[in-house]
>>> print(open('data.txt').read())   # compact mmCIF, C-alpha atoms and all ligand atoms
# COMPACT_ATOMS: atom_id res chain seq x y z
CA MET A 261 -7.43 12.11 -14.06
CA LYS A 262 -9.29 13.45 -17.11
CA GLU A 263 -11.32 16.63 -17.16
CA ALA A 264 -15.04 16.19 -17.82
CA LYS A 265 -17.98 18.52 -18.02
CA GLY A 266 -21.66 17.95 -17.45
CA TYR A 267 -24.74 19.18 -15.64
CA ALA A 268 -25.20 18.64 -11.89
CA ALA A 269 -27.71 19.32 -9.14
CA ARG A 270 -26.02 20.99 -6.17
CA GLU A 271 -28.72 20.28 -3.56
CA ALA A 272 -31.87 18.17 -3.13
CA GLY A 273 -34.58 19.49 -5.42
CA GLY A 274 -32.21 22.06 -6.95
CA ASN A 275 -31.95 22.96 -10.63
CA LEU A 276 -29.22 21.39 -12.72
CA SER A 277 -26.44 23.60 -14.04
CA GLU A 278 -22.98 23.33 -15.63
CA PHE A 279 -20.42 21.37 -13.64
CA LYS A 280 -16.73 20.53 -14.22
CA PHE A 281 -15.30 17.37 -12.67
CA GLU A 282 -12.78 14.57 -13.28
CA ARG A 283 -13.05 11.03 -14.61
CA ARG A 284 -10.50 8.37 -13.62
CA ASP A 285 -7.53 7.57 -15.86
CA LEU A 286 -8.01 4.52 -18.02
CA ARG A 287 -7.24 1.23 -16.23
CA PRO A 288 -6.25 -1.82 -18.34
CA GLU A 289 -9.86 -3.11 -18.51
CA ASP A 290 -11.51 0.29 -18.99
CA VAL A 291 -13.33 1.80 -21.96
CA ASP A 292 -13.42 5.60 -22.40
CA ILE A 293 -16.69 6.64 -24.06
CA GLU A 294 -17.61 9.93 -25.67
CA ILE A 295 -21.28 10.34 -24.72
CA LYS A 296 -23.59 11.29 -27.60
CA TYR A 297 -27.05 11.02 -26.03
CA CYS A 298 -28.50 10.40 -22.58
CA GLY A 299 -32.14 9.75 -21.68
CA ILE A 300 -33.94 11.38 -18.75
CA CYS A 301 -35.40 8.67 -16.51
CA HIS A 302 -37.91 9.48 -13.78
CA SER A 303 -35.36 7.86 -11.43
CA ASP A 304 -33.03 10.80 -12.16
CA ILE A 305 -35.73 13.10 -10.82
CA HIS A 306 -36.33 10.92 -7.73
CA GLN A 307 -32.56 10.94 -7.06
CA VAL A 308 -32.13 14.69 -7.52
CA ASN A 309 -35.07 15.23 -5.15
CA ASN A 310 -33.59 12.68 -2.70
CA ASP A 311 -36.92 10.80 -2.75
CA TRP A 312 -35.13 7.54 -1.94
CA GLY A 313 -32.66 8.95 0.63
CA GLY A 314 -28.85 8.74 0.38
CA ALA A 315 -28.40 11.43 -2.28
CA THR A 316 -24.93 13.01 -2.50
CA PHE A 317 -24.30 16.36 -4.16
CA PRO A 318 -23.14 17.61 -6.56
CA MET A 319 -25.00 14.90 -8.49
CA VAL A 320 -24.59 14.29 -12.22
CA PRO A 321 -27.58 12.06 -13.10
CA GLY A 322 -28.03 9.96 -16.24
CA HIS A 323 -28.09 6.19 -16.81
CA GLU A 324 -29.44 5.85 -20.34
CA ILE A 325 -26.17 6.48 -22.09
CA VAL A 326 -25.07 5.87 -25.66
CA GLY A 327 -21.79 6.98 -27.16
CA ILE A 328 -18.70 6.16 -29.17
CA VAL A 329 -15.60 4.43 -27.82
CA LYS A 330 -12.66 6.87 -27.77
CA GLU A 331 -9.94 4.78 -26.19
CA VAL A 332 -9.56 1.35 -24.57
CA GLY A 333 -7.23 -0.03 -21.88
CA GLU A 334 -4.60 -2.61 -22.85
CA LYS A 335 -6.61 -5.61 -21.57
CA VAL A 336 -9.87 -4.68 -23.30
CA THR A 337 -10.87 -7.33 -25.84
CA MET A 338 -14.50 -6.64 -26.72
CA PHE A 339 -14.36 -3.00 -27.84
CA LYS A 340 -12.26 -0.73 -30.04
CA PRO A 341 -12.25 3.00 -30.78
CA GLY A 342 -15.20 3.98 -32.99
CA ASP A 343 -17.63 1.33 -31.66
CA ARG A 344 -21.21 2.31 -30.82
CA VAL A 345 -21.82 1.42 -27.19
CA GLY A 346 -24.20 1.92 -24.30
CA VAL A 347 -24.03 2.15 -20.51
CA GLY A 348 -27.08 1.61 -18.32
CA CYS A 349 -27.78 1.88 -14.62
CA MET A 350 -24.72 -0.03 -13.35
CA VAL A 351 -20.99 0.39 -13.92
CA ASP A 352 -19.62 -2.34 -11.62
CA SER A 353 -20.52 -5.00 -9.03
CA CYS A 354 -18.56 -7.39 -6.78
CA GLY A 355 -18.55 -10.15 -9.42
CA ARG A 356 -18.25 -12.87 -6.75
CA CYS A 357 -21.58 -13.22 -4.97
CA GLU A 358 -24.26 -15.63 -6.18
CA PRO A 359 -26.40 -13.03 -7.99
CA CYS A 360 -23.33 -11.64 -9.79
CA ARG A 361 -22.25 -15.14 -10.83
CA ARG A 362 -25.76 -15.71 -12.21
CA GLY A 363 -25.62 -12.48 -14.23
CA LEU A 364 -27.96 -10.65 -11.84
CA GLN A 365 -25.52 -7.85 -11.05
CA GLN A 366 -28.41 -5.52 -10.15
CA TYR A 367 -29.01 -7.68 -7.07
CA CYS A 368 -25.29 -7.87 -6.07
CA GLU A 369 -25.19 -8.86 -2.38
CA ASN A 370 -22.33 -6.45 -1.81
CA GLY A 371 -24.12 -3.64 -3.61
CA ALA A 372 -23.86 -2.93 -7.33
CA THR A 373 -22.06 0.29 -8.26
CA PHE A 374 -24.71 2.40 -9.91
CA THR A 375 -23.82 4.79 -12.70
CA TYR A 376 -24.30 7.86 -10.52
CA ASN A 377 -24.83 8.69 -6.85
CA SER A 378 -23.01 5.49 -5.91
CA LYS A 379 -19.67 4.79 -4.26
CA ASP A 380 -16.96 3.93 -6.80
CA ARG A 381 -15.61 0.57 -5.54
CA VAL A 382 -12.11 1.31 -6.79
CA TYR A 383 -11.58 4.98 -5.94
CA GLY A 384 -14.05 5.39 -3.11
CA GLY A 385 -15.41 8.64 -4.56
CA VAL A 386 -18.90 9.09 -5.92
CA THR A 387 -19.91 8.05 -9.45
CA TYR A 388 -21.11 10.67 -11.94
CA GLY A 389 -23.63 9.79 -14.65
CA GLY A 390 -24.41 10.45 -18.26
CA TYR A 391 -25.44 14.11 -18.36
CA SER A 392 -21.81 14.69 -19.36
CA ASN A 393 -19.39 14.54 -22.25
CA ASN A 394 -17.60 11.31 -21.36
CA ILE A 395 -17.56 8.29 -19.05
CA VAL A 396 -14.96 5.64 -18.16
CA VAL A 397 -16.39 2.16 -17.51
CA THR A 398 -14.93 -1.31 -17.03
CA GLU A 399 -15.61 -3.28 -20.23
CA LYS A 400 -17.83 -5.89 -18.52
CA PHE A 401 -20.46 -3.18 -18.01
CA VAL A 402 -20.31 -1.74 -21.53
CA LEU A 403 -22.93 -2.88 -24.09
CA LYS A 404 -22.76 -3.20 -27.86
CA ILE A 405 -25.28 -1.31 -29.97
CA SER A 406 -26.24 -2.38 -33.47
CA ASN A 407 -25.78 0.09 -36.35
CA LYS A 408 -29.38 -0.69 -37.31
CA LEU A 409 -30.82 1.22 -34.37
CA ASP A 410 -31.41 4.99 -34.36
CA PHE A 411 -28.75 6.08 -31.87
CA ALA A 412 -30.60 8.77 -29.86
CA ALA A 413 -33.79 6.67 -29.67
CA THR A 414 -31.75 3.72 -28.38
CA ALA A 415 -30.55 5.56 -25.24
CA PRO A 416 -33.79 4.89 -23.28
CA LEU A 417 -33.45 1.15 -23.90
CA LEU A 418 -30.56 1.16 -21.41
CA CYS A 419 -32.98 1.66 -18.50
CA ALA A 420 -36.63 1.92 -19.63
CA GLY A 421 -36.07 -0.92 -22.13
CA ILE A 422 -34.35 -3.41 -19.86
CA THR A 423 -36.55 -2.61 -16.84
CA THR A 424 -39.64 -3.69 -18.76
CA TYR A 425 -38.03 -6.44 -20.89
CA SER A 426 -36.70 -8.26 -17.84
CA PRO A 427 -40.03 -8.88 -16.04
CA LEU A 428 -41.80 -9.70 -19.34
CA LYS A 429 -39.19 -12.44 -19.86
CA HIS A 430 -39.00 -13.55 -16.25
CA TRP A 431 -42.79 -13.97 -16.02
CA ASN A 432 -42.71 -15.69 -19.38
CA VAL A 433 -45.16 -13.64 -21.42
CA LYS A 434 -46.68 -15.70 -24.20
CA PRO A 435 -48.66 -14.90 -27.34
CA GLY A 436 -52.31 -14.43 -26.55
CA GLN A 437 -51.83 -13.45 -22.91
CA THR A 438 -53.18 -10.14 -21.70
CA VAL A 439 -50.58 -7.73 -20.30
CA GLY A 440 -51.64 -4.55 -18.51
CA VAL A 441 -49.24 -1.60 -18.49
CA ALA A 442 -49.92 0.92 -15.72
CA GLY A 443 -48.57 4.41 -16.54
CA LEU A 444 -47.77 5.41 -20.12
CA GLY A 445 -44.46 7.21 -19.61
CA GLY A 446 -40.87 6.24 -20.43
CA LEU A 447 -41.04 2.74 -18.98
CA GLY A 448 -44.70 2.21 -19.87
CA HIS A 449 -44.37 2.95 -23.58
CA MET A 450 -41.43 0.53 -23.80
CA ALA A 451 -43.50 -2.10 -21.97
CA VAL A 452 -46.25 -1.65 -24.58
CA LYS A 453 -43.84 -2.08 -27.52
CA LEU A 454 -42.01 -5.04 -25.99
CA ALA A 455 -45.12 -6.90 -24.76
CA LYS A 456 -46.72 -6.39 -28.18
CA SER A 457 -43.62 -7.76 -29.93
CA MET A 458 -43.90 -10.88 -27.72
CA GLY A 459 -47.42 -11.48 -29.00
CA ALA A 460 -49.36 -10.23 -25.99
CA ASN A 461 -52.70 -8.48 -26.02
CA VAL A 462 -51.71 -5.14 -24.41
CA VAL A 463 -54.00 -2.98 -22.27
CA VAL A 464 -52.79 0.45 -21.15
CA LEU A 465 -53.96 1.75 -17.78
CA THR A 466 -53.52 5.51 -17.92
CA THR A 467 -54.61 8.54 -15.90
CA SER A 468 -54.35 10.76 -19.01
CA GLU A 469 -57.42 10.63 -21.27
CA LYS A 470 -55.49 12.39 -24.03
CA LYS A 471 -52.99 9.51 -24.28
CA GLY A 472 -55.64 7.05 -25.48
CA GLU A 473 -55.09 7.41 -29.24
CA GLU A 474 -51.32 7.46 -28.74
CA ALA A 475 -51.42 4.24 -26.77
CA LEU A 476 -53.14 2.48 -29.68
CA ARG A 477 -50.55 3.88 -32.11
CA LEU A 478 -47.79 2.49 -29.89
CA GLY A 479 -49.33 -0.96 -30.22
CA ALA A 480 -51.82 -1.25 -27.36
CA ASN A 481 -55.01 -3.16 -28.12
CA ARG A 482 -57.08 -1.28 -25.57
CA VAL A 483 -56.95 1.60 -23.10
CA ILE A 484 -58.52 1.93 -19.66
CA ILE A 485 -58.69 5.29 -17.90
CA SER A 486 -57.49 4.25 -14.46
CA ARG A 487 -59.09 7.21 -12.67
CA ASN A 488 -62.49 5.89 -13.74
CA THR A 489 -63.17 3.41 -10.93
CA GLU A 490 -66.25 2.01 -12.67
CA GLU A 491 -64.23 1.25 -15.82
CA MET A 492 -61.54 -0.41 -13.68
CA LYS A 493 -64.16 -2.55 -11.92
CA LYS A 494 -65.66 -3.60 -15.26
CA ASN A 495 -62.26 -5.01 -16.24
CA LYS A 496 -61.62 -7.10 -13.16
CA ILE A 497 -60.19 -10.61 -13.64
CA SER A 498 -58.99 -9.87 -17.20
CA MET A 499 -55.17 -9.72 -17.13
CA ASP A 500 -52.39 -12.30 -16.84
CA LEU A 501 -49.64 -9.83 -15.96
CA ILE A 502 -49.48 -6.15 -15.05
CA ILE A 503 -46.29 -4.09 -15.31
CA ASP A 504 -46.80 -1.23 -12.87
CA THR A 505 -44.57 1.76 -13.71
CA ILE A 506 -46.40 4.35 -11.60
CA PRO A 507 -43.91 6.58 -9.74
CA ALA A 508 -46.31 7.61 -6.96
CA PRO A 509 -48.45 5.74 -4.40
CA HIS A 510 -51.74 4.40 -5.78
CA ASP A 511 -54.56 2.03 -4.89
CA MET A 512 -53.01 -1.45 -5.20
CA ASN A 513 -56.26 -3.33 -4.57
CA LEU A 514 -57.88 -1.70 -7.57
CA TYR A 515 -55.05 -2.75 -9.91
CA LEU A 516 -54.61 -6.23 -8.38
CA SER A 517 -58.30 -6.95 -8.87
CA LEU A 518 -57.69 -6.75 -12.65
CA LEU A 519 -55.58 -9.93 -12.47
CA LYS A 520 -56.94 -13.31 -13.54
CA ILE A 521 -56.35 -16.45 -11.47
CA ASN A 522 -52.56 -16.97 -11.03
CA GLY A 523 -51.98 -13.46 -12.34
CA ASN A 524 -48.90 -11.46 -11.38
CA MET A 525 -48.48 -7.75 -10.89
CA ILE A 526 -44.89 -6.49 -11.09
CA LEU A 527 -43.87 -3.23 -9.48
CA VAL A 528 -41.12 -1.38 -11.27
CA GLY A 529 -42.28 2.13 -10.33
CA LEU A 530 -40.49 3.26 -7.19
CA PRO A 531 -42.17 6.09 -5.25
CA GLU A 532 -40.60 7.96 -2.34
CA LYS A 533 -38.83 5.94 0.35
CA GLU A 534 -41.57 6.49 2.93
CA SER A 535 -44.39 5.29 0.63
CA GLN A 536 -46.29 2.23 1.86
CA TYR A 537 -48.86 0.12 0.07
CA SER A 538 -51.81 -1.44 1.78
CA VAL A 539 -53.24 -4.58 0.21
CA SER A 540 -56.13 -6.65 1.44
CA ALA A 541 -55.43 -10.34 2.04
CA GLY A 542 -58.53 -11.37 0.08
CA THR A 543 -57.18 -9.78 -3.10
CA PHE A 544 -54.35 -12.33 -3.10
CA VAL A 545 -56.20 -15.32 -1.72
CA ASN A 546 -59.15 -15.06 -4.12
CA GLY A 547 -57.49 -15.89 -7.39
CA ARG A 548 -54.01 -17.01 -6.20
CA ARG A 549 -52.62 -13.65 -7.32
CA SER A 550 -49.07 -12.41 -6.70
CA LEU A 551 -47.47 -9.02 -6.30
CA ALA A 552 -43.75 -8.84 -7.08
CA GLY A 553 -41.07 -6.31 -7.95
CA SER A 554 -38.23 -6.14 -10.44
CA ASN A 555 -35.09 -4.02 -10.68
CA ILE A 556 -33.61 -3.20 -14.14
CA GLY A 557 -31.89 -6.34 -15.52
CA GLY A 558 -28.43 -7.96 -15.53
CA ILE A 559 -25.71 -7.05 -18.00
CA GLU A 560 -26.07 -10.17 -20.17
CA GLU A 561 -29.84 -9.70 -20.24
CA THR A 562 -29.39 -6.02 -21.19
CA GLN A 563 -27.28 -7.09 -24.18
CA GLU A 564 -29.92 -9.70 -25.06
CA MET A 565 -32.60 -6.94 -24.94
CA LEU A 566 -30.54 -4.61 -27.17
CA ASP A 567 -30.05 -7.41 -29.70
CA TYR A 568 -33.75 -8.28 -29.49
CA CYS A 569 -34.68 -4.63 -30.16
CA ALA A 570 -32.32 -4.50 -33.16
CA LYS A 571 -33.93 -7.65 -34.55
CA HIS A 572 -37.49 -6.40 -33.98
CA ASN A 573 -36.74 -2.78 -34.85
CA ILE A 574 -37.81 -1.42 -31.47
CA VAL A 575 -36.61 1.92 -30.12
CA SER A 576 -38.07 4.57 -27.84
CA ASP A 577 -40.30 7.47 -28.97
CA ILE A 578 -38.23 10.46 -27.92
CA GLU A 579 -38.12 14.25 -27.69
CA LEU A 580 -34.50 15.20 -28.39
CA ILE A 581 -33.55 18.34 -26.45
CA PRO A 582 -30.44 20.42 -25.78
CA MET A 583 -28.79 20.20 -22.37
CA SER A 584 -30.00 23.72 -21.52
CA ARG A 585 -33.62 22.45 -21.41
CA VAL A 586 -33.02 19.75 -18.81
CA ASN A 587 -34.78 21.57 -15.95
CA GLU A 588 -37.85 22.20 -18.09
CA ALA A 589 -37.84 18.52 -19.09
CA TYR A 590 -37.89 17.50 -15.41
CA VAL A 591 -41.02 19.59 -14.81
CA ARG A 592 -42.74 18.20 -17.89
CA THR A 593 -41.86 14.61 -16.92
CA ILE A 594 -43.34 15.13 -13.44
CA ASN A 595 -46.50 16.43 -15.15
CA SER A 596 -46.65 13.28 -17.37
CA ASP A 597 -46.15 15.57 -20.37
CA VAL A 598 -43.56 13.74 -22.46
CA LYS A 599 -43.82 11.58 -25.58
CA TYR A 600 -42.37 9.38 -24.25
CA ARG A 601 -38.80 10.00 -23.21
CA PHE A 602 -36.64 13.13 -23.19
CA VAL A 603 -33.17 12.49 -24.56
CA LEU A 604 -30.35 15.01 -24.07
CA ASP A 605 -28.13 15.80 -27.04
CA MET A 606 -24.60 15.98 -25.61
CA SER A 607 -23.27 17.92 -28.59
CA THR A 608 -25.10 20.90 -27.01
CA LEU A 609 -23.11 20.75 -23.76
P1 LIG A 701 -42.45 8.63 -16.36
O1 LIG A 701 -41.90 8.72 -17.72
O2 LIG A 701 -42.67 9.85 -15.56
O3 LIG A 701 -43.82 7.79 -16.46
C1 LIG A 701 -44.61 7.49 -15.35
C2 LIG A 701 -46.09 7.48 -15.80
O4 LIG A 701 -46.87 7.06 -14.67
C3 LIG A 701 -46.63 8.84 -16.15
O5 LIG A 701 -46.40 9.20 -17.49
C4 LIG A 701 -48.12 8.66 -15.87
O6 LIG A 701 -48.70 7.95 -16.96
C5 LIG A 701 -48.12 7.72 -14.68
N1 LIG A 701 -48.29 8.45 -13.42
C6 LIG A 701 -47.53 9.47 -12.93
N2 LIG A 701 -47.97 9.86 -11.73
C7 LIG A 701 -49.03 9.07 -11.44
C8 LIG A 701 -49.91 8.96 -10.32
N3 LIG A 701 -49.78 9.77 -9.27
N4 LIG A 701 -50.88 8.02 -10.36
C9 LIG A 701 -51.03 7.20 -11.41
N5 LIG A 701 -50.23 7.26 -12.49
C10 LIG A 701 -49.25 8.17 -12.50
O7 LIG A 701 -41.52 7.71 -15.42
P2 LIG A 701 -40.56 6.49 -15.84
O8 LIG A 701 -39.21 7.01 -16.21
O9 LIG A 701 -41.29 5.60 -16.74
O10 LIG A 701 -40.36 5.79 -14.42
C11 LIG A 701 -41.48 5.28 -13.72
C12 LIG A 701 -41.06 4.79 -12.35
O11 LIG A 701 -40.22 3.64 -12.49
C13 LIG A 701 -40.27 5.78 -11.50
O12 LIG A 701 -40.67 5.66 -10.16
C14 LIG A 701 -38.84 5.32 -11.67
O13 LIG A 701 -37.99 5.70 -10.63
C15 LIG A 701 -39.04 3.83 -11.69
N6 LIG A 701 -37.97 3.06 -12.32
C16 LIG A 701 -37.72 1.84 -11.80
C17 LIG A 701 -36.76 1.04 -12.37
C18 LIG A 701 -36.52 -0.32 -11.84
O14 LIG A 701 -35.50 -0.94 -12.15
N7 LIG A 701 -37.43 -0.88 -11.06
C19 LIG A 701 -36.02 1.50 -13.48
C20 LIG A 701 -36.33 2.75 -14.00
C21 LIG A 701 -37.30 3.53 -13.41
P3 LIG A 701 -50.21 8.22 -17.46
O15 LIG A 701 -50.21 9.65 -17.92
O16 LIG A 701 -50.36 7.24 -18.54
O17 LIG A 701 -51.11 7.97 -16.29
ZN ZN A 702 -33.81 4.72 -15.18
>>> encode(input="data.txt", output="structure tokens", more="lines below")
Ligand code: NAP
Ligand code: ZN
Amino acid sequence: MKEAKGYAAREAGGNLSEFKFERRDLRPEDVDIEIKYCGICHSDIHQVNNDWGGATFPMVPGHEIVGIVKEVGEKVTMFKPGDRVGVGCMVDSCGRCEPCRRGLQQYCENGATFTYNSKDRVYGGVTYGGYSNNIVVTEKFVLKISNKLDFAATAPLLCAGITTYSPLKHWNVKPGQTVGVAGLGGLGHMAVKLAKSMGANVVVLTTSEKKGEEALRLGANRVIISRNTEEMKKNKISMDLIIDTIPAPHDMNLYLSLLKINGNMILVGLPEKESQYSVSAGTFVNGRRSLAGSNIGGIEETQEMLDYCAKHNIVSDIELIPMSRVNEAYVRTINSDVKYRFVLDMSTL
């Protein structure tokens, strides 16, 4: 086993602090990565707070990882020491079930192994994430990162990027369509950039009046203050697709009523386990609307997204911070006070 160091939460809702642990020895198909930067996703906060249940402690969060390959196992063919690579939300899956065979590892019927707070399918122990100095990952779950992309600003693509790219592709966004983005945070600002790059007319639905100007700078065509019910009502039947990134329960009927005929609203925001949504039947029936959900994206699609971003020069807008400011960053993220993703600089560990 190899010594590693990082930051961990010791209990639900607890602060993160220094933590020493071990990573597995390199297996023939493994890549050992020195982590350079790791984004802070709102999912990290949900997990540390045990909002979704099943949290195990100590927990080392972090699934927006970029770094440099240090060493590779003897059977590794796609990577060599010195390569710029990324690791997202998953580090393994069964590889045999139908979703895995279709490249939809995130929906593995036997349970994907997530980058942290997940059972390691080989060793049985718990996985530790990217708020740390290194990670060992089987090469199938390692992604290539172009030299063209700013490295720190690329980290959030590994979750916020793919989680918004995947539904935009799946629901086939076309030039001229109107895409609503609910919540202008880490995921939301990537949804704006990606939808814009696909030719959509982008409308941001935000609770924060002060984010209006920023949303336009990021590429949005228009902004609606979602707390203003009258303004929401004025915009009913105007959108083809809505990507809903809101991490807390909210009035679904109000957002669904913005959809045009055949419109789709896609939930990616994932509030606490107990949260329930209530939707009136008429909202769906009048207008043949749909409500769906989407979970990150498969490994091949994540590589496709990274290559797409390199081609279109798309990265995240970040605030780069030292590891010692992680707890403060959690509070600011909860208060929607981040432009638009915190990224931890691992050289400060
Ligand atoms: P974030 O950076 O905190 O952004 C969320 C944004 O939602 C906030 O900036 C705020 O935007 C808005 N918001 C927050 N609380 C709200 C409320 N009570 N009512 C209405 N709007 C509210 O979070 P994130 O990292 O983008 O993650 C968003 C959600 O997606 C989380 O639940 C996370 O766990 C989930 N997630 C899901 C997947 C997946 O695969 N499905 C992947 C990653 C993350 P405004 O200030 O503009 O209103
Ligand atoms: Zn995430």
>>> closest_residue(input="data.txt", among="A:Ala269, A:Ala442, A:Leu518, A:Val291", to="ligand LIG 701 (chain A)", atoms="all atoms listed in the file")
A:Ala442
>>> closest_residue(input="data.txt", among="A:Gly333, A:Gly322, A:Gly436, A:Gly459", to="ligand LIG 701 (chain A)", atoms="all atoms listed in the file")
A:Gly322
>>> residues_near_ligand(input="data.txt", ligand="ligand ZN 702 (chain A)", cutoff="12 Å", atoms="all atoms listed in the file", output="PyMOL selection string")
chain A and resi 298-307+321-325+347-350+374-376+389-390+415-424+445-447+505+507+528-530+555-557+601-602
>>> write_last_selection(input="data.txt", atoms="C-alpha atoms", output="mmCIF file, keeping the file's coordinate frame")
data_model
loop_
_atom_site.group_PDB
_atom_site.id
_atom_site.type_symbol
_atom_site.label_atom_id
_atom_site.label_comp_id
_atom_site.auth_asym_id
_atom_site.auth_seq_id
_atom_site.Cartn_x
_atom_site.Cartn_y
_atom_site.Cartn_z
ATOM 1 C CA CYS A 298 -28.500 10.400 -22.580
ATOM 2 C CA GLY A 299 -32.140 9.750 -21.680
ATOM 3 C CA ILE A 300 -33.940 11.380 -18.750
ATOM 4 C CA CYS A 301 -35.400 8.670 -16.510
ATOM 5 C CA HIS A 302 -37.910 9.480 -13.780
ATOM 6 C CA SER A 303 -35.360 7.860 -11.430
ATOM 7 C CA ASP A 304 -33.030 10.800 -12.160
ATOM 8 C CA ILE A 305 -35.730 13.100 -10.820
ATOM 9 C CA HIS A 306 -36.330 10.920 -7.730
ATOM 10 C CA GLN A 307 -32.560 10.940 -7.060
ATOM 11 C CA PRO A 321 -27.580 12.060 -13.100
ATOM 12 C CA GLY A 322 -28.030 9.960 -16.240
ATOM 13 C CA HIS A 323 -28.090 6.190 -16.810
ATOM 14 C CA GLU A 324 -29.440 5.850 -20.340
ATOM 15 C CA ILE A 325 -26.170 6.480 -22.090
ATOM 16 C CA VAL A 347 -24.030 2.150 -20.510
ATOM 17 C CA GLY A 348 -27.080 1.610 -18.320
ATOM 18 C CA CYS A 349 -27.780 1.880 -14.620
ATOM 19 C CA MET A 350 -24.720 -0.030 -13.350
ATOM 20 C CA PHE A 374 -24.710 2.400 -9.910
ATOM 21 C CA THR A 375 -23.820 4.790 -12.700
ATOM 22 C CA TYR A 376 -24.300 7.860 -10.520
ATOM 23 C CA GLY A 389 -23.630 9.790 -14.650
ATOM 24 C CA GLY A 390 -24.410 10.450 -18.260
ATOM 25 C CA ALA A 415 -30.550 5.560 -25.240
ATOM 26 C CA PRO A 416 -33.790 4.890 -23.280
ATOM 27 C CA LEU A 417 -33.450 1.150 -23.900
ATOM 28 C CA LEU A 418 -30.560 1.160 -21.410
ATOM 29 C CA CYS A 419 -32.980 1.660 -18.500
ATOM 30 C CA ALA A 420 -36.630 1.920 -19.630
ATOM 31 C CA GLY A 421 -36.070 -0.920 -22.130
ATOM 32 C CA ILE A 422 -34.350 -3.410 -19.860
ATOM 33 C CA THR A 423 -36.550 -2.610 -16.840
ATOM 34 C CA THR A 424 -39.640 -3.690 -18.760
ATOM 35 C CA GLY A 445 -44.460 7.210 -19.610
ATOM 36 C CA GLY A 446 -40.870 6.240 -20.430
ATOM 37 C CA LEU A 447 -41.040 2.740 -18.980
ATOM 38 C CA THR A 505 -44.570 1.760 -13.710
ATOM 39 C CA PRO A 507 -43.910 6.580 -9.740
ATOM 40 C CA VAL A 528 -41.120 -1.380 -11.270
ATOM 41 C CA GLY A 529 -42.280 2.130 -10.330
ATOM 42 C CA LEU A 530 -40.490 3.260 -7.190
ATOM 43 C CA ASN A 555 -35.090 -4.020 -10.680
ATOM 44 C CA ILE A 556 -33.610 -3.200 -14.140
ATOM 45 C CA GLY A 557 -31.890 -6.340 -15.520
ATOM 46 C CA ARG A 601 -38.800 10.000 -23.210
ATOM 47 C CA PHE A 602 -36.640 13.130 -23.190
#
>>> closest_residue(input="data.txt", among="A:Ile485, A:Val397, A:Ile293, A:Val603", to="ligand LIG 701 (chain A)", atoms="all atoms listed in the file")
A:Ile485
>>> atom_distance(input="data.txt", atom1="CA of Asp380 in chain A", atom2="CA of Ala552 in chain A")
29.7 Å
>>> residues_near_point(input="data.txt", point="(-46.4, 11.3, -21.0)", cutoff="12 Å", atoms="only C-alpha atoms", output="count of residues only")
35
>>> build_atoms(input="data.txt", residues="range 384-392 of chain A", atoms="N, CA, C and O atoms", output="PDB file, in the frame of the given file")
ATOM      1  N   GLY A 384     -13.387   4.946  -4.329  1.00  0.00           N
ATOM      2  CA  GLY A 384     -14.050   5.390  -3.110  1.00  0.00           C
ATOM      3  C   GLY A 384     -14.876   6.645  -3.287  1.00  0.00           C
ATOM      4  O   GLY A 384     -15.776   6.901  -2.502  1.00  0.00           O
ATOM      5  N   GLY A 385     -14.632   7.410  -4.321  1.00  0.00           N
ATOM      6  CA  GLY A 385     -15.410   8.640  -4.560  1.00  0.00           C
ATOM      7  C   GLY A 385     -16.794   8.296  -5.074  1.00  0.00           C
ATOM      8  O   GLY A 385     -17.186   7.129  -5.136  1.00  0.00           O
ATOM      9  N   VAL A 386     -17.536   9.311  -5.459  1.00  0.00           N
ATOM     10  CA  VAL A 386     -18.900   9.090  -5.920  1.00  0.00           C
ATOM     11  C   VAL A 386     -18.911   8.978  -7.456  1.00  0.00           C
ATOM     12  O   VAL A 386     -18.055   9.573  -8.124  1.00  0.00           O
ATOM     13  N   THR A 387     -19.829   8.187  -7.990  1.00  0.00           N
ATOM     14  CA  THR A 387     -19.910   8.050  -9.450  1.00  0.00           C
ATOM     15  C   THR A 387     -20.749   9.198 -10.030  1.00  0.00           C
ATOM     16  O   THR A 387     -21.694   9.666  -9.390  1.00  0.00           O
ATOM     17  N   TYR A 388     -20.374   9.625 -11.222  1.00  0.00           N
ATOM     18  CA  TYR A 388     -21.110  10.670 -11.940  1.00  0.00           C
ATOM     19  C   TYR A 388     -21.663  10.072 -13.236  1.00  0.00           C
ATOM     20  O   TYR A 388     -20.958   9.343 -13.942  1.00  0.00           O
ATOM     21  N   GLY A 389     -22.924  10.436 -13.548  1.00  0.00           N
ATOM     22  CA  GLY A 389     -23.630   9.790 -14.650  1.00  0.00           C
ATOM     23  C   GLY A 389     -23.490  10.433 -16.009  1.00  0.00           C
ATOM     24  O   GLY A 389     -22.510  11.132 -16.303  1.00  0.00           O
ATOM     25  N   GLY A 390     -24.514  10.211 -16.819  1.00  0.00           N
ATOM     26  CA  GLY A 390     -24.410  10.450 -18.260  1.00  0.00           C
ATOM     27  C   GLY A 390     -24.776  11.831 -18.767  1.00  0.00           C
ATOM     28  O   GLY A 390     -24.690  12.063 -19.967  1.00  0.00           O
ATOM     29  N   TYR A 391     -25.191  12.743 -17.879  1.00  0.00           N
ATOM     30  CA  TYR A 391     -25.440  14.110 -18.360  1.00  0.00           C
ATOM     31  C   TYR A 391     -24.062  14.774 -18.469  1.00  0.00           C
ATOM     32  O   TYR A 391     -23.763  15.758 -17.784  1.00  0.00           O
ATOM     33  N   SER A 392     -23.206  14.242 -19.310  1.00  0.00           N
ATOM     34  CA  SER A 392     -21.810  14.690 -19.360  1.00  0.00           C
ATOM     35  C   SER A 392     -21.183  14.279 -20.692  1.00  0.00           C
ATOM     36  O   SER A 392     -21.782  13.530 -21.456  1.00  0.00           O
TER      37      SER A 392
END
